[in-house]
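> Can you read through this structure? Questions will come right after.
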Amino acid sequence: MHQSADNLHRCASTRLAACSVVACLALLAGCEEEGIRTYWAPKDPPRPAMKLPADAAPPADVDLAWDVPTTWHAAEIPAAQRAFTVASFHANTAAPEEEHVTITVTRLTGEGGGAVANINRWRGQVGLPPIAKLEEQPMERVDTGVGPAAILDLVGDKGRTLGAILPRAETNETWFWKATAEAARLEGVKAELVAMVATVKPAEPQAAPAEGGAP
Amino acid sequence: MRRLLIPLVPLASLKLTVLLFVLAMILIFAGTLAQREMGNWDVVDSYFRSFYVAIPLRHLFFYNVPGVIPFPGGFLLIGLLLVNLVAAHTTRFKFAWKRTGILVTHLGLILLLVGEFVTGALAEEGIMQVPQGGYAIYSEDIREAELAITVPEGDGERAVVVPQAMLEAAVGGEPIDLTARGFPLRVRVVAWFTNAAIADPSRSQRPSPNLATTGHGLRAVAVPQTPVSGVRANEVNQPAAYVQLLGEDGRALGTYMTSVSLPVIPLFGDGKQAVSVGDETYTVALRFQRQYKPYTLHVLEVDHDVFVGTDIPRNFSSRVRVVDAEYNDDREALIRMNEPLRYRGDAIFQHQMDAAGEGFGVPMTGLQVVSNPGWLLPYISCILVGVGLTLHFGVMLGKFMGRRPA
């Protein structure tokens with residue numbers, strides 16, 4: 001009886017050892033690097049734009065200034081946009097907070113990727129078809145203290161965008177003012193935006209604080 | 001029969017067991033120190049879920065000592081421990097009722113070791129960041145990126161995705177051919193950055209060459225950053241790449257700068273960039289690796305309770321609705337800290353919370369989704385070890401009581 005139990009135990013152990021080796025090999029096969037995959041997937045769910053911890057201070061080298069409409073409030077510049085965004089404002093502030101309109105001022109090098117490409121991006125965002133040439137886009141001209149700016153008013157199925165584009169050859173930059181919202185909410189904002197862009201002028205250099213000045 | 005077992009005798013040595021335990025302790029120590037320079041998951045992959053690791057001497061000493069120590073990785077040590085344990089049972093142990101406790105305990109240990117292999121090979125982890133009132137259909141593995149090229153098809157999109165490891169391996173090499181996958185494109189990886197910031201090219205404090213010829217890269221540049229180490233636990237690498245797309249005929253379609261950070265910057269919309277080939281318009285985007293789910297998770301409400309009169313968090317919770325068309329299932333559930341929702345093999349944990357909407361302007365919840373076919377193994381092995389030790393203790397106690405003089 002003892003002998004048969006011993007044999008039984010050995011058989012079971014051998015089987016256990018074999019099973020362990022097979023399991024290990026199977027698992028190692030599973031460790032293979034993943035390759036290229038192809039699949040069909042539903043459209044991405046809508047995602048809100050990130051509003052990272054704020055740094056309301058504009059970049060130190062901003063060399064333009066403008067008169068902000070009295071009803072507008074300065075808004076915080078999210079950390080992720082600090083490299084590009086110069087300033088941000090809330091308009092329509094008499095309305096409840098959820099109906100405020102955010103205007104961002106962005107400064108990009110050169111033509112900022114090209115006027116047509118930027119306008120087409122804005123057109124796409126409001127559901128308008130792209131244009132092939134700049135001339136196809138109706139624009140208003142506004143003279144500023146540093147040259148002419150173009151004002152765009154794009155209304156499409158997905159909303160409305162008010163924008164101003166100010167190319168600056170002397171600094172090799174293009175400045176953009178942009179507000180996107182439902183069409184009705186931008187009704188009063190347009191005149192304010194145009195008036196503000198018209199006041200753009202070179203910023204006066206700030207006086208350096210006196211050394212050892214009062215705290 | 002015994003002769004057949006002779007080759008197993010050296011493998012069954014108790015000295016080998018001790019040696020393997022010592023090596024495992026050294027590996028854990030070295031892996032812990034390595035987290036000063038490497039990310040947690042990089043350490044897990046290179047030290048513990050590997051067969052071999054070259055431990056840089058500078059990880060062990062606090063000076064920049066050159067050179068490496070070749071060392072067995074975690075998988076090799078666990079594998080050898082498994083072989084050692086099984087060999088010991090095969091050659092030495094004899095079945096007897098009084099040894100049942102030891103056998104059950106060791107079976108529990110074997111299961112624990114096998115469980116780590118199963119977890120290492122098959123487990124998937126991801127994050128779902130969902131706004132209140134929104135829904136999720138996939139989780140994202142923030143440890144790995146992938147290049148996704150998509151084209152609209154039906155009410156969704158057809159996608160081909162190239163994993164990060166393949167992109168890294170292809171830098172400066174032959175283009176990755178996607179034509180056999182039904183996409184008339186080849187991808188040449190011009191540059192890869194494990195962690196990069198996106199900056200205005202003229203204002204970046206660390207000038208970086210802009211290799212892009214089209215798309216978002218005309219307005220922004222990827223500036224390489226030091227990869228996140230294990231001591232910066234709240235940070236995540238933000239991979240970026242410059243990829244040149246080529247048509248089927250090898251014609252260059254442009255070099256794009258792409259990064260997982262682009263969708264975070266409103267200037268770049270959803271971060272996708274359009275590429276026109278013939279009549280089709282494809283989009284290209286680097287994103288965190290996605291794991292699509294067979295269900296849709298709607299977030300109905302997020303709650304962040306604090307202890308009264310303080311800002312100390314007491315509880316985070318998300319009320320969710322799971323909709324599963326395949327199983328015709330539609331149910332609500334409450335996910336709370338340490339109370340995950342288990343559904344279709346996934347454990348969905350409450351991970352992060354922004355009930356005040358400070359990050360996105362709307363309340364958001366962060367859910368960690370863990371899919372691990374072997375999740376029960378550690379529990380079963382712990383029960384087995386507990387039962388085994390109790391049995392063994394009982395047998396020994398009985399033996400001791402039997403020996404007591406009357």
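Residue numbering restarts at 1 in every chain; chains get A, B, ... in the order shown in the structure tokens, and ligands count up from 1 in that same order.
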With a cut-off of 7 Å and counting only C-alpha atoms, select all residues of chain B in contact with chain A and give the selection as an MDAnalysis selection string.
chainID B and resid 86 89:90 94:95 117:118 121 135:136 155:163 181 199:200 202 218:219 264:266 358:361
> With only C-alpha atoms as the counted atoms, please give the residues lying no more than 9 Å from Leu82 (chain B), apart from itself and same-chain residues fewer than 5 positions off, as an MDAnalysis selection string.
(chainID A and resid 20) or (chainID B and resid 77 87 109:110 113:114)
> Could the residues in this selection be saved with N, CA, C and O atoms as an mmCIF file, in the first residue's frame?

data_model
loop_
_atom_site.group_PDB
_atom_site.id
_atom_site.type_symbol
_atom_site.label_atom_id
_atom_site.label_comp_id
_atom_site.auth_asym_id
_atom_site.auth_seq_id
_atom_site.Cartn_x
_atom_site.Cartn_y
_atom_site.Cartn_z
ATOM 1 N N SER A 20 4.256 22.623 -15.193
ATOM 2 C CA SER A 20 4.884 23.909 -14.863
ATOM 3 C C SER A 20 5.721 24.407 -16.026
ATOM 4 O O SER A 20 5.670 25.585 -16.399
ATOM 5 N N LEU B 77 14.782 34.668 -12.109
ATOM 6 C CA LEU B 77 14.865 34.237 -10.709
ATOM 7 C C LEU B 77 13.589 33.510 -10.283
ATOM 8 O O LEU B 77 13.637 32.471 -9.639
ATOM 9 N N ALA B 87 11.311 20.728 -8.398
ATOM 10 C CA ALA B 87 12.331 19.680 -8.376
ATOM 11 C C ALA B 87 12.482 19.105 -6.965
ATOM 12 O O ALA B 87 12.643 17.890 -6.790
ATOM 13 N N LEU B 109 2.665 28.633 -2.839
ATOM 14 C CA LEU B 109 3.823 29.417 -3.307
ATOM 15 C C LEU B 109 3.989 29.294 -4.820
ATOM 16 O O LEU B 109 4.272 30.271 -5.512
ATOM 17 N N ILE B 110 3.829 28.051 -5.320
ATOM 18 C CA ILE B 110 3.947 27.840 -6.776
ATOM 19 C C ILE B 110 2.910 28.697 -7.509
ATOM 20 O O ILE B 110 3.204 29.350 -8.504
ATOM 21 N N LEU B 113 3.964 32.302 -7.666
ATOM 22 C CA LEU B 113 5.001 32.558 -8.674
ATOM 23 C C LEU B 113 4.404 32.527 -10.083
ATOM 24 O O LEU B 113 4.691 33.388 -10.913
ATOM 25 N N VAL B 114 3.530 31.528 -10.321
ATOM 26 C CA VAL B 114 2.877 31.442 -11.642
ATOM 27 C C VAL B 114 2.007 32.689 -11.861
ATOM 28 O O VAL B 114 1.950 33.238 -12.960
#
> Env of Ala184 (chain A): 12 Å cut, atoms = only C-alpha atoms, seq-sep filter 3 positions within chain, self excluded. Answer as a list in words.
Asn92, Glu99, His100, Val101, Val155, Gly159, Arg160, Thr161, Leu162, Thr180, Ala181, Glu187, Gly188, Val189 and Lys190 of chain A
> Pick the closest to Lys158 (chain A) from A:Gly124, A:Pro130, A:Pro138, A:Gly145: which is it, counting only C-alpha atoms?
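Closest to Lys158 (chain A) of all the choices is A:Gly124.
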> Would you mind listing what lies within 7 Å of Leu33 (chain B) as a PDB file with C-alpha atoms, in the first residue's frame, with only C-alpha atoms counted and same-chain residues fewer than 3 positions away left out?

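And here's selection.pdb as it stands now:
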ATOM      1  CA  PHE B  29      17.490  46.675  -3.764  1.00  0.00           C
ATOM      2  CA  ALA B  30      19.050  47.605  -7.119  1.00  0.00           C
ATOM      3  CA  ARG B  36      16.037  57.632  -8.852  1.00  0.00           C
ATOM      4  CA  HIS B  59      22.568  53.060  -9.630  1.00  0.00           C
ATOM      5  CA  LEU B  60      24.275  51.208  -6.767  1.00  0.00           C
TER       6      LEU B  60
END
> Could you pull out all residues of region 139-310 of chain B with a DSSP call of helix (DSSP H, G or I) and give them as a list in words?
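Checking each residue of region 139-310 of chain B, the helix (DSSP H, G or I) ones are Gln164, Ala165, Met166, Leu167, Glu168, Ala169, Thr179, Ala180, Arg181, Gly215, His216, Gly217, Leu218, Leu262, Pro263, Val264, Pro266, Leu267 and Phe268 of chain B.
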> Based on the selection just made, write all heavy atoms of those residues as a compact mmCIF listing (two decimals), in the first residue's frame.

# COMPACT_ATOMS: atom_id res chain seq x y z
N GLN B 164 4.86 52.04 -29.60
CA GLN B 164 6.04 52.85 -29.29
C GLN B 164 7.35 52.10 -29.53
O GLN B 164 8.29 52.66 -30.10
CB GLN B 164 5.96 53.29 -27.82
CG GLN B 164 7.17 54.07 -27.35
CD GLN B 164 7.00 54.64 -25.95
OE1 GLN B 164 5.90 54.91 -25.51
NE2 GLN B 164 8.10 54.81 -25.25
N ALA B 165 7.41 50.84 -29.13
CA ALA B 165 8.66 50.07 -29.26
C ALA B 165 9.09 50.02 -30.72
O ALA B 165 10.27 50.15 -31.05
CB ALA B 165 8.47 48.67 -28.71
N MET B 166 8.12 49.87 -31.62
CA MET B 166 8.41 49.79 -33.04
C MET B 166 8.88 51.15 -33.59
O MET B 166 9.77 51.23 -34.42
CB MET B 166 7.16 49.35 -33.77
CG MET B 166 7.40 48.58 -35.02
SD MET B 166 5.83 47.97 -35.62
CE MET B 166 6.26 46.31 -35.89
N LEU B 167 8.26 52.22 -33.07
CA LEU B 167 8.65 53.57 -33.50
C LEU B 167 10.07 53.87 -33.06
O LEU B 167 10.89 54.39 -33.84
CB LEU B 167 7.70 54.62 -32.92
CG LEU B 167 6.24 54.55 -33.37
CD1 LEU B 167 5.37 55.46 -32.51
CD2 LEU B 167 6.12 54.95 -34.84
N GLU B 168 10.39 53.52 -31.81
CA GLU B 168 11.74 53.78 -31.28
C GLU B 168 12.77 53.00 -32.09
O GLU B 168 13.86 53.50 -32.39
CB GLU B 168 11.81 53.38 -29.81
CG GLU B 168 11.08 54.35 -28.89
CD GLU B 168 11.12 53.89 -27.45
OE1 GLU B 168 10.47 52.88 -27.12
OE2 GLU B 168 11.80 54.55 -26.65
N ALA B 169 12.42 51.76 -32.44
CA ALA B 169 13.37 50.91 -33.17
C ALA B 169 13.57 51.39 -34.60
O ALA B 169 14.59 51.08 -35.23
CB ALA B 169 12.88 49.46 -33.17
N THR B 179 1.20 49.59 -46.09
CA THR B 179 0.38 49.30 -47.28
C THR B 179 -0.32 47.95 -47.17
O THR B 179 -1.46 47.80 -47.61
CB THR B 179 1.24 49.34 -48.55
OG1 THR B 179 2.38 48.49 -48.35
CG2 THR B 179 1.73 50.74 -48.85
N ALA B 180 0.36 46.97 -46.54
CA ALA B 180 -0.27 45.66 -46.40
C ALA B 180 -1.45 45.69 -45.44
O ALA B 180 -2.25 44.77 -45.39
CB ALA B 180 0.77 44.65 -45.91
N ARG B 181 -1.56 46.80 -44.67
CA ARG B 181 -2.65 46.94 -43.71
C ARG B 181 -3.82 47.73 -44.30
O ARG B 181 -4.71 48.15 -43.58
CB ARG B 181 -2.15 47.68 -42.46
CG ARG B 181 -0.95 47.03 -41.84
CD ARG B 181 -1.37 45.90 -40.98
NE ARG B 181 -0.25 45.15 -40.45
CZ ARG B 181 -0.36 44.33 -39.42
NH1 ARG B 181 -1.53 44.15 -38.85
NH2 ARG B 181 0.68 43.67 -38.99
N GLY B 215 1.99 70.75 -41.16
CA GLY B 215 1.16 70.47 -39.99
C GLY B 215 1.50 71.35 -38.79
O GLY B 215 2.06 72.44 -38.93
N HIS B 216 1.14 70.87 -37.61
CA HIS B 216 1.34 71.64 -36.38
C HIS B 216 2.81 71.98 -36.14
O HIS B 216 3.11 72.94 -35.45
CB HIS B 216 0.81 70.86 -35.18
CG HIS B 216 -0.67 70.63 -35.20
ND1 HIS B 216 -1.55 71.54 -35.75
CD2 HIS B 216 -1.44 69.60 -34.75
CE1 HIS B 216 -2.78 71.08 -35.64
NE2 HIS B 216 -2.74 69.91 -35.05
N GLY B 217 3.69 71.19 -36.68
CA GLY B 217 5.12 71.42 -36.48
C GLY B 217 5.61 72.73 -37.08
O GLY B 217 6.70 73.18 -36.75
N LEU B 218 4.81 73.35 -37.94
CA LEU B 218 5.21 74.65 -38.48
C LEU B 218 5.05 75.74 -37.42
O LEU B 218 5.62 76.81 -37.54
CB LEU B 218 4.36 75.00 -39.70
CG LEU B 218 4.56 74.09 -40.92
CD1 LEU B 218 3.63 74.52 -42.04
CD2 LEU B 218 6.01 74.12 -41.39
N LEU B 262 -0.24 67.38 -27.71
CA LEU B 262 -0.94 68.33 -28.60
C LEU B 262 -2.41 68.54 -28.23
O LEU B 262 -2.88 69.67 -28.22
CB LEU B 262 -0.80 67.89 -30.06
CG LEU B 262 0.60 68.02 -30.67
CD1 LEU B 262 0.59 67.62 -32.14
CD2 LEU B 262 1.13 69.45 -30.54
N PRO B 263 -3.18 67.47 -27.91
CA PRO B 263 -4.60 67.71 -27.61
C PRO B 263 -4.81 68.55 -26.34
O PRO B 263 -5.88 69.07 -26.12
CB PRO B 263 -5.17 66.29 -27.41
CG PRO B 263 -4.19 65.37 -28.01
CD PRO B 263 -2.85 66.04 -27.88
N VAL B 264 -3.77 68.65 -25.50
CA VAL B 264 -3.89 69.42 -24.26
C VAL B 264 -3.82 70.92 -24.56
O VAL B 264 -4.33 71.74 -23.82
CB VAL B 264 -2.76 69.01 -23.30
CG1 VAL B 264 -2.75 69.89 -22.06
CG2 VAL B 264 -2.92 67.55 -22.90
N PRO B 266 -5.06 73.92 -26.57
CA PRO B 266 -6.20 74.23 -27.42
C PRO B 266 -5.82 74.72 -28.82
O PRO B 266 -6.57 74.52 -29.77
CB PRO B 266 -6.93 75.32 -26.63
CG PRO B 266 -6.57 75.05 -25.22
CD PRO B 266 -5.15 74.55 -25.25
N LEU B 267 -4.63 75.31 -28.94
CA LEU B 267 -4.18 75.80 -30.24
C LEU B 267 -4.17 74.68 -31.29
O LEU B 267 -4.32 74.93 -32.48
CB LEU B 267 -2.76 76.35 -30.06
CG LEU B 267 -2.10 77.09 -31.20
CD1 LEU B 267 -2.86 78.36 -31.50
CD2 LEU B 267 -0.66 77.42 -30.85
N PHE B 268 -4.00 73.44 -30.85
CA PHE B 268 -3.85 72.33 -31.79
C PHE B 268 -5.10 71.44 -31.86
O PHE B 268 -5.02 70.30 -32.33
CB PHE B 268 -2.62 71.50 -31.44
CG PHE B 268 -1.36 72.31 -31.40
CD1 PHE B 268 -0.68 72.49 -30.23
CD2 PHE B 268 -0.90 72.93 -32.55
CE1 PHE B 268 0.47 73.27 -30.19
CE2 PHE B 268 0.24 73.71 -32.52
CZ PHE B 268 0.92 73.89 -31.34
> I need the residues of region 89-158 of chain A that end up classed as strand (DSSP E) by DSSP on the backbone, written out as a VMD selection string.
chain A and resid 89 to 91 101 to 109 140 to 144 147 to 156
> Produce a file of the selected residues containing C-alpha atoms, as an mmCIF file, in the first residue's frame.

data_model
loop_
_atom_site.group_PDB
_atom_site.id
_atom_site.type_symbol
_atom_site.label_atom_id
_atom_site.label_comp_id
_atom_site.auth_asym_id
_atom_site.auth_seq_id
_atom_site.Cartn_x
_atom_site.Cartn_y
_atom_site.Cartn_z
ATOM 1 C CA PHE A 89 -9.951 87.685 -21.618
ATOM 2 C CA HIS A 90 -13.555 86.958 -20.779
ATOM 3 C CA ALA A 91 -16.168 88.988 -22.625
ATOM 4 C CA VAL A 101 -16.859 84.264 -24.144
ATOM 5 C CA THR A 102 -13.119 83.654 -23.946
ATOM 6 C CA ILE A 103 -10.843 85.657 -26.228
ATOM 7 C CA THR A 104 -7.272 84.427 -26.570
ATOM 8 C CA VAL A 105 -4.362 86.406 -27.953
ATOM 9 C CA THR A 106 -1.720 84.204 -29.528
ATOM 10 C CA ARG A 107 1.647 85.132 -30.977
ATOM 11 C CA LEU A 108 3.373 82.805 -33.427
ATOM 12 C CA THR A 109 6.644 82.992 -35.316
ATOM 13 C CA GLU A 140 -12.492 93.426 -42.917
ATOM 14 C CA ARG A 141 -9.387 95.572 -42.600
ATOM 15 C CA VAL A 142 -8.609 97.466 -39.405
ATOM 16 C CA ASP A 143 -5.644 99.794 -39.098
ATOM 17 C CA THR A 144 -3.629 99.422 -35.926
ATOM 18 C CA GLY A 147 0.042 97.918 -39.362
ATOM 19 C CA PRO A 148 -3.206 96.591 -40.826
ATOM 20 C CA ALA A 149 -5.041 93.659 -39.233
ATOM 21 C CA ALA A 150 -7.649 91.434 -40.862
ATOM 22 C CA ILE A 151 -10.921 90.742 -39.058
ATOM 23 C CA LEU A 152 -12.749 87.479 -39.791
ATOM 24 C CA ASP A 153 -16.279 86.518 -38.844
ATOM 25 C CA LEU A 154 -16.876 82.834 -39.564
ATOM 26 C CA VAL A 155 -20.332 81.391 -39.016
ATOM 27 C CA GLY A 156 -20.940 77.707 -39.644
#
> To one decimal in Å, tell me the separation between CA of Met401 (chain B) and CA of Leu103 (chain B).
22.6 Å
